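Data from entry.cif: mmCIF, C-alpha atoms
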```cif
data_coords
#
loop_
_atom_site.label_atom_id
_atom_site.label_comp_id
_atom_site.auth_asym_id
_atom_site.auth_seq_id
_atom_site.Cartn_x
_atom_site.Cartn_y
_atom_site.Cartn_z
CA MET Z 165 -28.96 -20.91 -18.62
CA ILE Z 166 -26.36 -20.23 -21.33
CA LYS Z 167 -28.44 -17.16 -22.23
CA TYR Z 168 -27.43 -15.58 -18.91
CA LEU Z 169 -23.72 -16.33 -19.22
CA PRO Z 170 -22.94 -13.02 -21.01
CA TYR Z 171 -24.51 -11.17 -18.07
CA LEU Z 172 -22.23 -13.02 -15.66
CA PHE Z 173 -19.35 -11.98 -17.89
CA TYR Z 174 -20.55 -8.36 -17.80
CA MET Z 175 -20.69 -8.49 -14.00
CA ILE Z 176 -17.12 -9.83 -13.87
CA LEU Z 177 -16.09 -7.16 -16.38
CA ILE Z 178 -17.60 -4.42 -14.20
CA GLY Z 179 -15.81 -5.81 -11.13
CA PHE Z 180 -12.53 -5.90 -13.06
CA HIS Z 181 -13.09 -2.39 -14.40
CA THR Z 182 -14.02 -0.92 -11.00
CA VAL Z 183 -11.04 -2.43 -9.19
CA ILE Z 184 -8.27 -2.46 -11.80
CA PHE Z 185 -9.03 -1.19 -15.29
CA ALA Z 186 -10.62 2.19 -14.43
CA ASP Z 187 -7.44 3.39 -12.72
CA PHE Z 188 -5.14 2.08 -15.45
CA THR Z 189 -7.15 3.72 -18.23
CA SER Z 190 -7.83 7.00 -16.46
CA VAL Z 191 -6.41 10.08 -18.15
CA TRP Z 192 -5.78 13.01 -15.76
CA GLY Z 193 -8.31 11.50 -13.38
CA VAL Z 194 -10.97 11.13 -16.09
CA LYS Z 195 -12.33 7.59 -16.15
CA ILE Z 196 -14.36 5.53 -18.58
CA ASN Z 197 -17.92 5.07 -17.28
CA LEU Z 198 -18.14 1.46 -18.38
CA ILE Z 199 -21.28 0.70 -16.38
CA ALA Z 200 -23.33 3.44 -18.09
CA LEU Z 201 -21.82 2.51 -21.45
CA LEU Z 202 -22.72 -1.14 -20.99
CA ILE Z 203 -26.26 -0.45 -19.76
CA ALA Z 204 -26.89 1.99 -22.62
CA ALA Z 205 -25.54 -0.47 -25.18
CA LEU Z 206 -27.68 -3.30 -23.72
CA ALA Z 207 -30.73 -1.02 -23.68
CA LEU Z 208 -30.30 -0.44 -27.40
CA TYR Z 209 -30.32 -4.12 -28.29
CA LYS Z 210 -31.96 -6.16 -25.53
CA SER Z 211 -35.52 -6.51 -24.28
CA GLU Z 212 -37.00 -4.26 -21.62
CA ILE Z 213 -37.05 -6.90 -18.88
CA GLU Z 214 -33.62 -8.29 -19.68
CA VAL Z 215 -31.98 -4.87 -19.59
CA ALA Z 216 -33.78 -3.91 -16.37
CA TRP Z 217 -32.49 -7.02 -14.55
CA ALA Z 218 -29.05 -6.46 -16.06
CA ALA Z 219 -29.08 -2.85 -14.82
CA LEU Z 220 -30.00 -4.01 -11.31
CA ALA Z 221 -27.30 -6.69 -11.23
CA LEU Z 222 -24.59 -4.48 -12.75
CA GLY Z 223 -25.58 -1.61 -10.45
CA LEU Z 224 -25.11 -3.86 -7.43
CA VAL Z 225 -21.69 -4.98 -8.66
CA SER Z 226 -20.47 -1.50 -9.53
CA ALA Z 227 -21.53 0.00 -6.18
CA ALA Z 228 -20.48 -2.94 -4.01
CA GLY Z 229 -18.02 -0.72 -2.18
CA GLN Z 230 -20.77 1.74 -1.13
CA PRO Z 231 -23.44 -0.23 0.77
CA ALA Z 232 -25.35 2.93 1.75
CA LEU Z 233 -25.79 3.99 -1.88
CA LEU Z 234 -26.25 0.51 -3.36
CA GLY Z 235 -30.00 0.92 -3.89
CA TRP Z 236 -29.64 4.38 -5.41
CA HIS Z 237 -27.00 3.21 -7.88
CA ALA Z 238 -29.13 0.27 -8.94
CA LEU Z 239 -32.31 2.39 -9.20
CA ILE Z 240 -30.61 5.05 -11.33
CA LEU Z 241 -29.25 2.43 -13.71
CA VAL Z 242 -32.62 0.67 -13.97
CA LEU Z 243 -34.41 3.96 -14.74
CA LEU Z 244 -31.68 4.97 -17.17
CA SER Z 245 -31.93 1.64 -18.98
CA GLN Z 246 -35.71 2.03 -19.32
CA ILE Z 247 -35.45 5.60 -20.61
CA ILE Z 248 -32.88 4.59 -23.22
CA HIS Z 249 -34.80 1.47 -24.23
CA ARG Z 250 -38.09 3.35 -24.65
CA SER Z 251 -36.38 6.24 -26.51
CA ALA Z 252 -34.58 3.80 -28.81
CA LYS Z 253 -37.89 2.12 -29.67
CA ARG Z 254 -39.47 5.45 -30.68
CA LEU Z 255 -36.45 7.01 -32.41
CA ASN Z 256 -34.58 5.89 -35.47
CA LEU Z 257 -31.19 4.94 -34.03
CA ASP Z 258 -29.62 3.16 -36.97
CA SER Z 259 -26.61 5.34 -37.50
CA ILE Z 260 -23.53 5.02 -35.35
CA TRP Z 261 -23.67 8.71 -34.47
CA SER Z 262 -27.21 8.50 -33.08
CA GLN Z 263 -26.27 5.46 -30.99
CA VAL Z 264 -23.14 7.18 -29.71
CA GLY Z 265 -25.27 10.24 -28.97
CA VAL Z 266 -27.70 8.21 -26.86
CA ILE Z 267 -24.81 6.61 -24.99
CA ALA Z 268 -23.21 10.02 -24.44
CA ALA Z 269 -26.46 11.36 -23.01
CA ALA Z 270 -26.83 8.32 -20.72
CA VAL Z 271 -23.23 8.62 -19.54
CA MET Z 272 -23.69 12.35 -18.92
CA ILE Z 273 -26.82 11.82 -16.80
CA HIS Z 274 -25.10 9.02 -14.88
CA ASN Z 275 -21.89 11.03 -14.34
CA ILE Z 276 -23.83 14.07 -13.11
CA LEU Z 277 -25.85 11.91 -10.70
CA LEU Z 278 -22.64 10.26 -9.46
CA SER Z 279 -21.17 13.74 -8.88
CA MET Z 280 -24.28 14.63 -6.87
CA PHE Z 281 -23.75 11.55 -4.67
CA GLU Z 282 -20.40 12.97 -3.63
CA GLY Z 283 -22.12 16.06 -2.20
CA PHE Z 284 -23.17 19.42 -3.54
CA SER Z 285 -20.10 21.33 -2.45
CA GLY Z 286 -17.84 21.79 -5.48
CA ILE Z 287 -20.27 19.90 -7.69
CA PHE Z 288 -19.83 22.21 -10.71
CA GLU Z 289 -16.08 21.82 -10.55
CA ARG Z 290 -16.44 18.01 -10.36
CA ILE Z 291 -18.84 18.04 -13.30
CA ALA Z 292 -16.53 20.25 -15.37
CA VAL Z 293 -13.30 18.45 -14.48
CA HIS Z 294 -14.42 14.81 -14.29
CA ALA Z 295 -18.02 14.23 -15.42
CA LEU Z 296 -18.02 16.03 -18.78
CA PRO Z 297 -14.55 14.91 -19.92
CA GLY Z 298 -15.67 11.43 -18.80
CA VAL Z 299 -18.60 11.68 -21.25
CA VAL Z 300 -16.21 12.50 -24.10
CA TYR Z 301 -13.82 9.70 -23.12
CA THR Z 302 -16.60 7.10 -22.77
CA SER Z 303 -18.28 8.24 -26.01
CA LEU Z 304 -14.99 7.81 -27.82
CA ILE Z 305 -14.78 4.23 -26.55
CA ALA Z 306 -18.44 3.68 -27.56
CA TRP Z 307 -17.73 5.07 -31.02
CA LEU Z 308 -14.76 2.70 -31.43
CA PHE Z 309 -16.92 -0.18 -30.18
CA PHE Z 310 -19.64 0.55 -32.77
CA LEU Z 311 -17.05 0.92 -35.54
CA ILE Z 312 -15.65 -2.50 -34.67
CA LYS Z 313 -19.14 -3.98 -34.26
CA ASP Z 314 -20.23 -2.69 -37.69
CA LYS Z 315 -16.96 -3.98 -39.15
CA LYS Z 316 -15.89 -0.48 -40.15
CA ILE Z 317 -12.65 -1.17 -38.35
CA THR Z 318 -11.22 -4.62 -38.90
CA LEU Z 319 -7.83 -6.16 -38.34
CA GLN Z 320 -7.43 -6.51 -42.11
CA LYS Z 321 -8.16 -2.81 -42.68
CA ILE Z 322 -5.66 -1.83 -40.00
CA ARG Z 323 -3.05 -4.11 -41.61
CA GLU Z 324 -3.74 -2.55 -45.00
CA MET Z 325 -3.24 0.92 -43.54
CA PHE Z 326 0.33 0.05 -42.60
CA MET K 179 -54.51 -19.87 -9.71
CA ASN K 180 -54.97 -19.84 -13.45
CA SER K 181 -56.23 -16.29 -13.41
CA ILE K 182 -53.11 -15.13 -11.49
CA SER K 183 -50.77 -16.74 -14.04
CA THR K 184 -52.78 -15.19 -16.89
CA ILE K 185 -52.51 -11.75 -15.32
CA LEU K 186 -48.78 -12.26 -14.71
CA SER K 187 -48.13 -13.36 -18.31
CA LYS K 188 -50.20 -10.46 -19.66
CA HIS K 189 -48.41 -7.88 -17.54
CA SER K 190 -45.05 -9.64 -17.41
CA THR K 191 -43.04 -6.51 -18.18
CA ASN K 192 -44.83 -4.43 -15.56
CA PHE K 193 -44.47 -7.24 -13.03
CA HIS K 194 -40.71 -7.50 -13.61
CA LEU K 195 -40.19 -3.74 -13.54
CA SER K 196 -42.24 -3.38 -10.36
CA LEU K 197 -40.26 -6.16 -8.73
CA ILE K 198 -36.95 -4.54 -9.72
CA ILE K 199 -38.04 -1.10 -8.50
CA LEU K 200 -39.26 -2.70 -5.27
CA LEU K 201 -35.89 -4.39 -4.80
CA CYS K 202 -34.08 -1.09 -5.38
CA LEU K 203 -36.37 0.71 -2.93
CA SER K 204 -35.92 -1.97 -0.30
CA LEU K 205 -32.15 -1.59 -0.73
CA ILE K 206 -32.51 2.17 -0.27
CA ILE K 207 -34.80 1.94 2.76
CA GLY K 208 -33.21 -1.05 4.43
CA HIS K 209 -29.65 -0.19 3.42
CA SER K 210 -28.20 -0.98 6.83
CA LEU K 211 -28.98 -4.68 6.66
CA LEU K 212 -29.99 -5.65 3.15
CA GLY K 213 -27.55 -3.21 1.54
CA GLN K 214 -24.66 -4.44 3.61
CA TRP K 215 -25.45 -8.06 2.91
CA SER K 216 -25.80 -7.50 -0.86
CA SER K 217 -22.72 -5.33 -0.88
CA GLN K 218 -20.75 -7.99 0.97
CA VAL K 219 -21.84 -10.74 -1.41
CA THR K 220 -21.15 -8.77 -4.62
CA TYR K 221 -17.92 -7.41 -3.21
CA THR K 222 -16.67 -10.89 -2.27
CA VAL K 223 -17.59 -12.41 -5.62
CA PHE K 224 -16.84 -9.64 -8.12
CA HIS K 225 -14.38 -7.26 -6.45
CA TYR K 226 -12.27 -9.20 -3.99
CA PRO K 227 -10.50 -11.50 -6.52
CA PHE K 228 -9.46 -8.44 -8.52
CA PHE K 229 -8.34 -6.62 -5.38
CA LYS K 230 -6.16 -9.62 -4.53
CA ALA K 231 -4.77 -9.69 -8.07
CA ARG K 232 -4.11 -5.95 -8.00
CA ALA K 233 -2.42 -6.14 -4.60
CA SER K 234 -0.21 -9.00 -5.81
CA LEU K 235 0.68 -7.11 -8.97
CA GLU K 236 1.51 -3.97 -7.03
CA ALA K 237 3.61 -6.01 -4.56
CA LEU K 238 5.42 -7.60 -7.50
CA LEU K 239 6.13 -4.23 -9.11
CA LYS K 240 7.31 -2.83 -5.78
CA ALA K 241 9.52 -5.88 -5.23
CA GLU K 242 11.03 -5.38 -8.69
CA GLU K 243 11.75 -1.72 -7.89
CA GLU K 244 13.16 -2.67 -4.50
CA ASN K 245 15.25 -5.37 -6.13
CA ALA K 246 16.81 -2.84 -8.52
CA GLU K 247 17.56 -0.49 -5.60
CA LEU K 248 19.08 -3.34 -3.57
CA ARG K 249 21.20 -4.42 -6.54
CA GLN K 250 22.54 -0.89 -6.78
CA ALA K 251 23.15 -0.82 -3.03
CA LEU K 252 24.95 -4.16 -3.29
CA VAL K 253 27.23 -2.82 -6.01
CA ASP K 254 27.96 0.27 -3.88
CA ALA K 255 28.58 -1.90 -0.82
CA SER K 256 30.87 -4.23 -2.79
CA VAL K 257 32.96 -1.28 -3.93
CA GLN K 258 33.08 -0.02 -0.35
CA VAL K 259 34.06 -3.45 0.98
CA ALA K 260 36.87 -3.68 -1.58
CA LEU K 261 38.15 -0.25 -0.52
CA LEU K 262 37.86 -1.15 3.16
CA GLU K 263 39.67 -4.45 2.63
CA GLU K 264 42.45 -2.56 0.95
CA ALA K 265 42.54 -0.08 3.87
CA GLN K 266 42.52 -2.95 6.36
CA LYS K 267 45.49 -4.58 4.67
CA GLU K 268 47.31 -1.28 4.65
CA ASN K 269 46.42 -0.78 8.33
CA GLN K 270 47.76 -4.24 9.18
CA ARG K 271 50.99 -3.52 7.30
CA PHE K 272 51.49 -0.26 9.19
CA ARG K 273 50.61 -1.91 12.49
CA SER K 274 53.18 -4.63 11.90
CA VAL K 275 55.77 -1.97 10.99
CA LEU K 276 54.98 -0.06 14.21
CA GLY K 277 54.74 -3.24 16.28
CA PHE K 278 51.04 -2.71 17.21
CA GLU K 279 48.83 -5.67 18.08
CA PRO K 280 46.26 -6.33 15.32
CA PRO K 281 42.68 -5.38 16.22
CA ALA K 282 40.34 -8.20 17.15
CA ALA K 283 37.94 -9.50 14.52
CA TYR K 284 34.32 -10.18 15.43
CA GLU K 285 31.78 -12.73 14.40
CA MET K 286 28.08 -11.95 14.44
CA SER K 287 25.34 -14.38 15.25
CA PRO K 288 21.74 -13.28 14.60
CA ALA K 289 19.03 -13.38 17.25
CA LYS K 290 15.35 -12.52 17.33
CA ILE K 291 13.65 -10.57 20.09
CA ILE K 292 10.94 -12.52 21.88
CA SER K 293 9.83 -9.87 24.34
CA VAL K 294 10.77 -6.43 25.56
CA SER K 295 10.17 -4.81 28.91
CA GLY K 296 10.46 -1.33 30.33
CA ASP K 297 8.14 1.38 31.58
CA VAL K 298 8.21 4.14 28.98
CA ILE K 299 10.92 2.91 26.65
CA PRO K 300 12.19 -0.68 26.37
CA THR K 301 15.09 -1.27 28.74
CA HIS K 302 15.41 -5.06 28.50
CA ALA K 303 14.79 -7.58 25.74
CA VAL K 304 14.67 -11.35 25.74
CA ILE K 305 16.23 -13.03 22.70
CA ASN K 306 15.78 -16.53 21.27
CA LYS K 307 19.42 -17.52 21.72
CA GLY K 308 20.94 -18.93 24.88
CA ALA K 309 23.82 -20.93 26.26
CA ARG K 310 23.12 -23.70 23.73
CA ASP K 311 24.00 -21.21 21.01
CA SER K 312 27.21 -20.19 22.81
CA VAL K 313 25.76 -16.94 24.12
CA SER K 314 27.79 -15.70 27.04
CA LEU K 315 27.35 -13.09 29.72
CA TYR K 316 28.19 -9.45 28.81
CA GLN K 317 28.36 -10.24 25.11
CA ALA K 318 27.77 -7.04 23.11
CA VAL K 319 24.55 -6.87 21.09
CA ILE K 320 24.15 -4.71 18.00
CA ASN K 321 21.73 -4.20 15.12
CA GLN K 322 22.11 -2.57 11.72
CA GLN K 323 21.83 0.87 13.33
CA GLY K 324 24.44 0.50 16.05
CA LEU K 325 25.08 -0.67 19.61
CA VAL K 326 21.96 -2.04 21.31
CA GLY K 327 23.24 -3.32 24.67
CA ARG K 328 24.80 -6.34 26.31
CA VAL K 329 23.76 -9.78 27.49
CA GLU K 330 22.74 -9.55 31.12
CA SER K 331 21.69 -13.11 31.88
CA VAL K 332 21.70 -16.38 29.96
CA THR K 333 19.60 -19.52 30.21
CA LEU K 334 19.91 -22.59 28.00
CA ASP K 335 17.67 -21.28 25.19
CA PHE K 336 17.17 -17.61 25.96
CA ALA K 337 19.15 -14.59 27.01
CA SER K 338 18.19 -11.25 28.48
CA VAL K 339 19.72 -8.17 26.90
CA GLN K 340 20.24 -5.01 28.93
CA LEU K 341 19.59 -2.23 26.45
CA LEU K 342 21.48 1.07 26.42
CA THR K 343 18.23 2.69 27.60
CA ASP K 344 18.64 1.03 31.00
CA ALA K 345 20.06 3.65 33.38
CA ALA K 346 22.42 1.06 34.86
CA ASN K 347 24.04 0.40 31.48
CA ARG K 348 27.01 2.63 30.69
CA VAL K 349 29.26 2.61 27.67
CA ALA K 350 32.84 3.83 27.68
CA SER K 351 32.77 6.02 24.57
CA ARG K 352 34.76 8.43 22.50
CA LEU K 353 33.90 11.07 19.94
CA SER K 354 34.92 10.03 16.47
CA SER K 355 36.56 13.27 15.35
CA SER K 356 38.08 14.76 18.52
CA ARG K 357 38.72 11.34 20.16
CA SER K 358 37.57 12.82 23.49
CA MET K 359 36.39 10.15 25.88
CA GLY K 360 33.39 9.98 28.16
CA ILE K 361 30.68 7.69 29.50
CA ALA K 362 27.46 7.32 27.52
CA LYS K 363 24.43 6.66 29.69
CA TYR K 364 20.68 6.96 29.53
CA GLY K 365 18.51 8.80 31.99
CA PHE K 366 14.73 9.03 31.95
CA ALA K 367 14.74 12.84 32.22
CA THR K 368 17.93 13.58 30.29
CA GLY K 369 17.74 11.03 27.49
CA MET K 370 21.10 9.69 26.36
CA ILE K 371 24.07 11.80 27.44
CA LEU K 372 27.83 11.64 27.20
CA ASP K 373 29.22 12.27 30.65
CA ASN K 374 32.68 13.14 31.92
CA VAL K 375 33.87 14.99 28.82
CA PRO K 376 36.09 17.90 29.89
CA VAL K 377 34.96 21.42 28.89
CA GLN K 378 38.18 22.04 26.99
CA SER K 379 37.44 19.10 24.65
CA GLU K 380 36.43 19.90 21.12
CA VAL K 381 32.86 18.64 20.73
CA ILE K 382 30.90 19.24 17.53
CA VAL K 383 27.16 18.77 17.12
CA GLY K 384 26.60 15.86 14.72
CA ASP K 385 29.84 14.11 15.71
CA THR K 386 29.51 10.34 16.02
CA VAL K 387 29.85 8.75 19.44
CA LEU K 388 31.59 5.37 19.32
CA SER K 389 32.33 2.78 21.97
CA SER K 390 35.95 3.19 23.05
CA GLY K 391 36.51 -0.42 24.07
CA LEU K 392 37.79 0.67 27.47
CA GLY K 393 36.33 -1.30 30.32
CA GLY K 394 36.35 -4.47 28.26
CA VAL K 395 32.58 -4.94 27.93
CA TYR K 396 31.90 -3.33 24.57
CA PRO K 397 34.32 -3.71 21.71
CA PRO K 398 35.67 -0.46 20.26
CA GLY K 399 34.20 1.29 17.22
CA LEU K 400 30.47 0.49 17.69
CA VAL K 401 28.15 3.41 16.96
CA VAL K 402 26.35 4.63 20.08
CA GLY K 403 24.79 7.77 18.63
CA VAL K 404 25.46 11.30 17.41
CA VAL K 405 25.99 14.50 19.41
CA ARG K 406 22.72 16.44 19.50
CA GLU K 407 23.56 19.33 21.81
CA VAL K 408 26.58 20.59 23.74
CA VAL K 409 26.26 22.91 26.76
CA ARG K 410 29.31 24.33 28.51
CA GLN K 411 28.44 25.83 31.86
CA GLU K 412 30.67 28.25 33.69
CA GLU K 413 32.75 26.79 36.49
CA GLU K 414 31.74 23.25 35.52
CA PRO K 415 34.60 20.91 34.67
CA PHE K 416 32.56 18.79 32.24
CA CYS K 417 30.34 19.52 29.23
CA ASP K 418 26.68 18.54 29.12
CA ILE K 419 26.48 16.52 25.91
CA SER K 420 23.16 15.21 24.72
CA ILE K 421 23.24 12.26 22.31
CA GLU K 422 20.73 11.07 19.75
CA PRO K 423 20.92 7.25 20.07
CA ALA K 424 21.84 5.49 16.84
CA VAL K 425 19.34 2.75 17.57
CA ASP K 426 15.60 3.31 17.63
CA PHE K 427 14.83 1.23 20.71
CA THR K 428 11.09 1.28 20.10
CA THR K 429 11.40 -0.65 16.82
CA ILE K 430 14.25 -3.09 17.49
CA ASP K 431 13.56 -6.53 16.06
CA GLU K 432 16.54 -8.48 14.77
CA LEU K 433 19.75 -8.31 16.74
CA PHE K 434 23.30 -9.61 16.34
CA LEU K 435 25.48 -10.96 19.10
CA LEU K 436 29.13 -9.99 18.76
CA LYS K 437 31.79 -12.54 19.53
CA VAL K 438 35.55 -12.32 19.12
CA ALA K 439 36.43 -14.51 16.16
CA GLU K 440 38.74 -17.46 16.65
CA PRO K 441 42.13 -16.66 15.12
#
```

Can the structure from this file be put into structure tokens for me?
Amino acid sequence: MIKYLPYLFYMILIGFHTVIFADFTSVWGVKINLIALLIAALALYKSEIEVAWAALALGLVSAAGQPALLGWHALILVLLSQIIHRSAKRLNLDSIWSQVGVIAAAVMIHNILLSMFEGFSGIFERIAVHALPGVVYTSLIAWLFFLIKDKKITLQKIREMF
Amino acid sequence: MNSISTILSKHSTNFHLSLIILLCLSLIIGHSLLGQWSSQVTYTVFHYPFFKARASLEALLKAEEENAELRQALVDASVQVALLEEAQKENQRFRSVLGFEPPAAYEMSPAKIISVSGDVIPTHAVINKGARDSVSLYQAVINQQGLVGRVESVTLDFASVQLLTDAANRVASRLSSSRSMGIAKYGFATGMILDNVPVQSEVIVGDTVLSSGLGGVYPPGLVVGVVREVVRQEEEPFCDISIEPAVDFTTIDELFLLKVAEP
């Protein structure tokens, strides 16, 4: 049971991000795509089944406000998680840059699909103004996350800098 | 049975993935029922607490902003009160020098509207104060915007207020800058007008219309409205003056009953 506690935490985190954090951290309307970031990160490290269930659950939480698109959101995330997981197994993704690259690709696909959900009128403008800058923003967060995870950025190092 | 569990364990991954895809597809196909139910559950558990927190935080921030504005308004009002007190003292001194009677002071007691009545616009309101609260007949009723009406009937716990929008309610008024006098009244077709003002009177659009205190029902100096339009017709002895009422009668809520203060 304890094994599933992190997933509950992720679901709460997605709820918190969707309702509060996304707006507070948005820069000129560009938001962090935490759901795609989380699913991509889980797909890199967790088993196929675990990440598929996680994608379903997190997809349901993230799209709770759109009942008509709930299934689509969940399906996209499940497929995305499987693509990333299978690619990660075949490719050598040891370096931070390759991992960030995979996450960036996942976020881009997800952002473009989300833009398509909003309708095809003005889609290119939405992709250029929100989806692509969103990929850069989310990749930056992913890069910082991997730097912290690999202990390339630590509190001690930051203290030493100043 | 054994063979089924063997197949399931052998193709566990495929089984899980198929189940997940099936769930997603059922959500897509049956989105009206299943989607709404799942959405409701996830929304209630994972979104609603954060929405509540966000709403509280926003209310708190707004209250803080409002508090700062009100503090500033209080400072401004305090300065104004000090100036007015000074002016009042000066006025009293001059009045005593000239031998004028000092103006009456008024006490206000708050009242809440229980119900309103009227066809198109409210013309009468029932308030939660009555004879037990020393409400008396013809007592003037105001709100923060200006003159609202007068008490028409009183029971032990309630009173009925005849609003200025009732055609039978008339206020002896005067214009604040020219001091010309007239009768303010409300008509369904005309709206609020100031009647009986001679054509030779100086009437400016935007001038404030105040109760004159003549007639003894309404105390002097209460804001009735502002002049909206003035029409002077040939061979007519009086102007047609249209007034914008100071009070928005469709949103009245808290009222104050005016009473002459005990000396």

Could you build a table of the residues in chain Z lying no more than 12 Å from chain K, giving for each the nearest pair of atoms and their separation in Å rounded to one decimal place, using all atoms listed in the file, ordered by chain and ascending residue number, as JSON lines?
```
{"residue": "Z:Leu172", "atom": "CA", "partner": "K:Phe224", "partner_atom": "CA", "distance": 9.9}
{"residue": "Z:Phe173", "atom": "CA", "partner": "K:Phe224", "partner_atom": "CA", "distance": 10.4}
{"residue": "Z:Tyr174", "atom": "CA", "partner": "K:Phe224", "partner_atom": "CA", "distance": 10.4}
{"residue": "Z:Met175", "atom": "CA", "partner": "K:Phe224", "partner_atom": "CA", "distance": 7.1}
{"residue": "Z:Ile176", "atom": "CA", "partner": "K:Phe224", "partner_atom": "CA", "distance": 5.8}
{"residue": "Z:Leu177", "atom": "CA", "partner": "K:Phe224", "partner_atom": "CA", "distance": 8.7}
{"residue": "Z:Ile178", "atom": "CA", "partner": "K:Phe224", "partner_atom": "CA", "distance": 8.0}
{"residue": "Z:Gly179", "atom": "CA", "partner": "K:Phe224", "partner_atom": "CA", "distance": 5.0}
{"residue": "Z:Phe180", "atom": "CA", "partner": "K:Phe228", "partner_atom": "CA", "distance": 6.0}
{"residue": "Z:His181", "atom": "CA", "partner": "K:Phe228", "partner_atom": "CA", "distance": 9.2}
{"residue": "Z:Thr182", "atom": "CA", "partner": "K:His225", "partner_atom": "CA", "distance": 7.8}
{"residue": "Z:Val183", "atom": "CA", "partner": "K:Phe228", "partner_atom": "CA", "distance": 6.3}
{"residue": "Z:Ile184", "atom": "CA", "partner": "K:Arg232", "partner_atom": "CA", "distance": 6.6}
{"residue": "Z:Phe185", "atom": "CA", "partner": "K:Phe228", "partner_atom": "CA", "distance": 9.9}
{"residue": "Z:Asp187", "atom": "CA", "partner": "K:Arg232", "partner_atom": "CA", "distance": 11.0}
{"residue": "Z:Phe188", "atom": "CA", "partner": "K:Arg232", "partner_atom": "CA", "distance": 11.0}
{"residue": "Z:Ser211", "atom": "CA", "partner": "K:Thr191", "partner_atom": "CA", "distance": 9.7}
{"residue": "Z:Glu212", "atom": "CA", "partner": "K:Thr191", "partner_atom": "CA", "distance": 7.3}
{"residue": "Z:Ile213", "atom": "CA", "partner": "K:Thr191", "partner_atom": "CA", "distance": 6.0}
{"residue": "Z:Glu214", "atom": "CA", "partner": "K:His194", "partner_atom": "CA", "distance": 9.4}
{"residue": "Z:Val215", "atom": "CA", "partner": "K:Leu195", "partner_atom": "CA", "distance": 10.3}
{"residue": "Z:Ala216", "atom": "CA", "partner": "K:Leu195", "partner_atom": "CA", "distance": 7.0}
{"residue": "Z:Trp217", "atom": "CA", "partner": "K:Ile198", "partner_atom": "CA", "distance": 7.0}
{"residue": "Z:Ala218", "atom": "CA", "partner": "K:Ile198", "partner_atom": "CA", "distance": 10.3}
{"residue": "Z:Ala219", "atom": "CA", "partner": "K:Ile198", "partner_atom": "CA", "distance": 9.5}
{"residue": "Z:Leu220", "atom": "CA", "partner": "K:Ile198", "partner_atom": "CA", "distance": 7.1}
{"residue": "Z:Ala221", "atom": "CA", "partner": "K:Thr220", "partner_atom": "CA", "distance": 9.3}
{"residue": "Z:Leu222", "atom": "CA", "partner": "K:Thr220", "partner_atom": "CA", "distance": 9.8}
{"residue": "Z:Gly223", "atom": "CA", "partner": "K:Cys202", "partner_atom": "CA", "distance": 9.9}
{"residue": "Z:Leu224", "atom": "CA", "partner": "K:Thr220", "partner_atom": "CA", "distance": 6.9}
{"residue": "Z:Val225", "atom": "CA", "partner": "K:Thr220", "partner_atom": "CA", "distance": 5.6}
{"residue": "Z:Ser226", "atom": "CA", "partner": "K:Thr220", "partner_atom": "CA", "distance": 8.8}
{"residue": "Z:Ala227", "atom": "CA", "partner": "K:Ser217", "partner_atom": "CA", "distance": 7.6}
{"residue": "Z:Ala228", "atom": "CA", "partner": "K:Ser217", "partner_atom": "CA", "distance": 4.5}
{"residue": "Z:Gly229", "atom": "CA", "partner": "K:Ser217", "partner_atom": "CA", "distance": 6.7}
{"residue": "Z:Gln230", "atom": "CA", "partner": "K:Ser217", "partner_atom": "CA", "distance": 7.3}
{"residue": "Z:Pro231", "atom": "CA", "partner": "K:Gly213", "partner_atom": "CA", "distance": 5.1}
{"residue": "Z:Ala232", "atom": "CA", "partner": "K:His209", "partner_atom": "CA", "distance": 5.6}
{"residue": "Z:Leu233", "atom": "CA", "partner": "K:Ile206", "partner_atom": "CA", "distance": 7.1}
{"residue": "Z:Leu234", "atom": "CA", "partner": "K:Gly213", "partner_atom": "CA", "distance": 6.3}
{"residue": "Z:Gly235", "atom": "CA", "partner": "K:Leu205", "partner_atom": "CA", "distance": 4.6}
{"residue": "Z:Trp236", "atom": "CA", "partner": "K:Ile206", "partner_atom": "CA", "distance": 6.3}
{"residue": "Z:His237", "atom": "CA", "partner": "K:Cys202", "partner_atom": "CA", "distance": 8.7}
{"residue": "Z:Ala238", "atom": "CA", "partner": "K:Cys202", "partner_atom": "CA", "distance": 6.2}
{"residue": "Z:Leu239", "atom": "CA", "partner": "K:Cys202", "partner_atom": "CA", "distance": 5.5}
{"residue": "Z:Ile240", "atom": "CA", "partner": "K:Cys202", "partner_atom": "CA", "distance": 9.2}
{"residue": "Z:Leu241", "atom": "CA", "partner": "K:Cys202", "partner_atom": "CA", "distance": 10.3}
{"residue": "Z:Val242", "atom": "CA", "partner": "K:Ile199", "partner_atom": "CA", "distance": 7.9}
{"residue": "Z:Leu243", "atom": "CA", "partner": "K:Ile199", "partner_atom": "CA", "distance": 8.8}
{"residue": "Z:Ser245", "atom": "CA", "partner": "K:Leu195", "partner_atom": "CA", "distance": 11.3}
{"residue": "Z:Gln246", "atom": "CA", "partner": "K:Leu195", "partner_atom": "CA", "distance": 9.3}
```

Residue members of the PyMOL selection byres ((chain K and resi 388) around 12) in the file shown, as a PyMOL selection string: chain K and resi 324-325+349-362+372+385-387+389-392+396-405+421+423-424

Selection dump of the PyMOL selection byres ((chain K and resi 337) around 10), as a PyMOL selection string: chain K and resi 289+291-292+303-309+313-315+329-336+338-340

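Of the residues under consideration (Z:Trp192, Z:Phe326, Z:Trp307, Z:Tyr171), Z:Trp307 shows the shortest atom-to-atom contact distance to Val264 (chain Z) when counting all atoms listed in the file.
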